[in-house]
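A quick write-up on the structure given underneath.
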Number of protein chains: 2
Amino acid sequence: MNKRRSVFGRLQRTSKEKWKKEEFSEIEYEPVPVKDLLTEMKDISELIIDLGYSAVLFNNREMAEEVKYLEVRMDKLNYDIRMMAMMAARTKENAEQLAGILQVAEAAESISNAAGDIVSLLDEEKTGPILPEILKHADEKLFRIQVSDSSKACEKRIGDLKVESETGMRIIAIRRDDCWIYNPQSDTNLKANDWLISRGNDDGYQELSKFLQGKLEALE
Amino acid sequence: MNKRRSVFGRLQRTSKEKWKKEEFSEIEYEPVPVKDLLTEMKDISELIIDLGYSAVLFNNREMAEEVKYLEVRMDKLNYDIRMMAMMAARTKENAEQLAGILQVAEAAESISNAAGDIVSLLDEEKTGPILPEILKHADEKLFRIQVSDSSKACEKRIGDLKVESETGMRIIAIRRDDCWIYNPQSDTNLKANDWLISRGNDDGYQELSKFLQGKLEALE
């Protein structure tokens with residue numbers, strides 16, 4: 001839990017080329033349970049695709065930077081998990097199970113590389129008008145909504161508002177002034193003027209959007 | 001729309017090695033708009049990861065077969081989209097945009113290959129008890145719930161029940177007798193004894209589960 005929150009759910013400035021810092025920092029091996037490493041890798045593999053498609057849809061370079069950062073982070077996690085697996089393996093049965101875990105870890109890394117390929121389009125300025133148009137028609141849609149200062153959502157925790165269970169909208173990221181919170185957690189507060197990037201269907205979007213604009217007193 | 005529904009939202013028998021039929025069928029080129037192809041590829045890329053992790057979590061070979069089938073289908077879609085892009089490109093600007101689309105298509109295919117790698121663990125019987133344990137602790141969880149014949153959900157359409165916008169639970173697949181419906185659509189009816197594979201958080205699970213067991217009259 002604590003481990004994951006060090007990357008997700010935390011207000012952070014997406015400095016330009018932040019991924020480079022991670023890329024060229026020395027790899028320090030610290031023992032973290034395989035379970036925690038793989039859990040973080042799975043969570044990143046799911047978030048990074050949403051972020052990647054969102055970055056292209058909203059032509060947003062900061063989200064693209066975050067994708068690159070997560071891609072580099074995934075490399076490190078994959079290195080760590082290999083180390084841990086090798087240190088942990090004692091018997092043949094044991095090693096077989098760990099080999100399975102490494103295979104899932106490898107898949108999670110491939111997914112993050114694919115997301116990195118998607119956002120590299122922004123650098124190459126090849127997104128054009130067609131691609132965002134296509135992404136708008138997908139099954140699950142991505143939306144951008146701003147929190148009005150007249151909304152009851154201000155200064156409330158996402159978990160207490162039950163945003164996901166009341167509207168089906170999953171908040172992928174929050175932009176606050178010039179900072180971002182990626183994969184906000186249930187104890188993250190919403191604030192006036194926050195921009196939310198979220199994923200869901202039209203019904204959920206309508207409801208959440210009314211609530212965040214202050215046109216609805218509560219989500220229910 | 002119609003294109004996508006030919007794969008998703010339809011009751012189907014997951015015959016053993018159904019993917020082989022697709023793999024070795026002759027590729028027939030039929031013109032489909034690039035937009036429809038990429039939309040389907042994006043939808044598959046998101047569903048296939050959930051299905052892949054679910055197959056391992058529930059140790060379910062039929063879901064694994066579906067992942068393999070979707071992986072093969074993705075290959076074909078990628079072939080089709082390349083064909084369409086080449087036929088459509090007329091000017092340099094045009095070709096540049098289409099190149100961007102092909103890059104996203106390529107990424108979607110890599111994602112489906114990664115999901116295929118995850119489920120190949122089932123064939124190799126390397127999933128063991130550790131992996132499902134880990135997947136249970138991820139951020140968004142996967143659940144299996146059965147529809148009781150006393151539930152008001154019976155014979156109702158998913159869209160009318162507003163499952164996603166009322167509970168935040170996204171139904172990934174439905175098992176009915178020995179058939180499956182993958183990525184059910186809003187007009188899919190639920191029936192008594194259906195098993196739902198869905199993704200969401202604990203709150204949403206509690207509510208949906210009570211409703212499907214007939215302990216709650218309605219979702220709200």
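Residue numbering restarts at 1 for every chain of the structure tokens, chains are lettered A, B, ... in their displayed order, and ligands are numbered from 1 as they appear.
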Using only C-alpha atoms, find the residues of chain A whose closest atom to chain B is at most 6 Å away, then write them as a PyMOL selection string.
-> chain A and resi 35+39+97+100+104+107+111+114+118+126-128+134+138+164-168+204
For C-alpha atoms, I'd like the residues from the last selection saved as a PDB file, in the first residue's frame.
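To be explicit, this is the file written out as out.pdb:
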ATOM      1  CA  LYS A  35       3.900  -9.067  -4.099  1.00  0.00           C
ATOM      2  CA  THR A  39       0.866  -5.129  -7.538  1.00  0.00           C
ATOM      3  CA  GLN A  97       5.947 -20.053  -9.477  1.00  0.00           C
ATOM      4  CA  GLY A 100       5.262 -17.254 -13.730  1.00  0.00           C
ATOM      5  CA  VAL A 104       3.390 -11.337 -15.841  1.00  0.00           C
ATOM      6  CA  ALA A 107       3.876  -8.439 -19.900  1.00  0.00           C
ATOM      7  CA  ILE A 111       2.166  -2.751 -21.962  1.00  0.00           C
ATOM      8  CA  ALA A 114       3.213   0.307 -25.845  1.00  0.00           C
ATOM      9  CA  ILE A 118       1.451   5.991 -28.210  1.00  0.00           C
ATOM     10  CA  LYS A 126       1.792  13.178 -35.770  1.00  0.00           C
ATOM     11  CA  THR A 127      -1.458  13.141 -33.823  1.00  0.00           C
ATOM     12  CA  GLY A 128      -3.367  15.332 -36.248  1.00  0.00           C
ATOM     13  CA  ILE A 134     -11.367   8.268 -33.229  1.00  0.00           C
ATOM     14  CA  ALA A 138     -14.407   4.271 -28.174  1.00  0.00           C
ATOM     15  CA  GLU A 164     -16.761   5.756  -8.645  1.00  0.00           C
ATOM     16  CA  SER A 165     -19.554   3.771  -7.038  1.00  0.00           C
ATOM     17  CA  GLU A 166     -22.158   6.500  -7.590  1.00  0.00           C
ATOM     18  CA  THR A 167     -21.301   7.529 -11.132  1.00  0.00           C
ATOM     19  CA  GLY A 168     -19.084   4.816 -12.545  1.00  0.00           C
ATOM     20  CA  GLY A 204     -21.828   8.882 -15.475  1.00  0.00           C
TER      21      GLY A 204
END
Test item, strand (DSSP E or B) assignment across region 181-220 of chain A, answer as a PyMOL selection string = chain A and resi 181-182+189+195-200
Check the smallest atom-to-atom distance from each of A:Met63, A:Met84, A:Leu47, A:Ala89 to Arg175 (chain A) using only C-alpha atoms, then report the winner.
->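 Looking at the shortest contact to Arg175 (chain A), the residue is A:Met63.
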Please run DSSP on the backbone and report, as JSON, numbers by chain, all residues within chain B that come out as alpha helix (DSSP H).
-> {"B": [2, 3, 4, 5, 18, 19, 20, 21, 22, 23, 24, 34, 35, 36, 37, 38, 39, 40, 41, 42, 43, 44, 45, 46, 47, 48, 49, 50, 51, 52, 53, 54, 55, 56, 57, 61, 62, 63, 64, 65, 66, 67, 68, 69, 70, 71, 72, 73, 74, 75, 76, 77, 78, 79, 80, 81, 82, 83, 84, 85, 86, 87, 88, 92, 93, 94, 95, 96, 97, 98, 99, 100, 101, 102, 103, 104, 105, 106, 107, 108, 109, 110, 111, 112, 113, 114, 115, 116, 117, 118, 119, 120, 121, 122, 123, 130, 131, 132, 133, 134, 135, 158, 159, 160, 161, 163, 164, 165, 166, 167, 202, 203, 204, 205, 206, 207, 208, 209, 210, 211, 212]}
May I ask for the distance between CA of Tyr69 (chain A) and CA of Lys18 (chain A), given in Å to one decimal place?
-> 6.5 Å
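Among the candidate residues A:Glu217, A:Glu17, A:Asp194, A:Asp177, the one lying nearest to Val67 (chain A) is A:Glu17, with distances computed using only C-alpha atoms.
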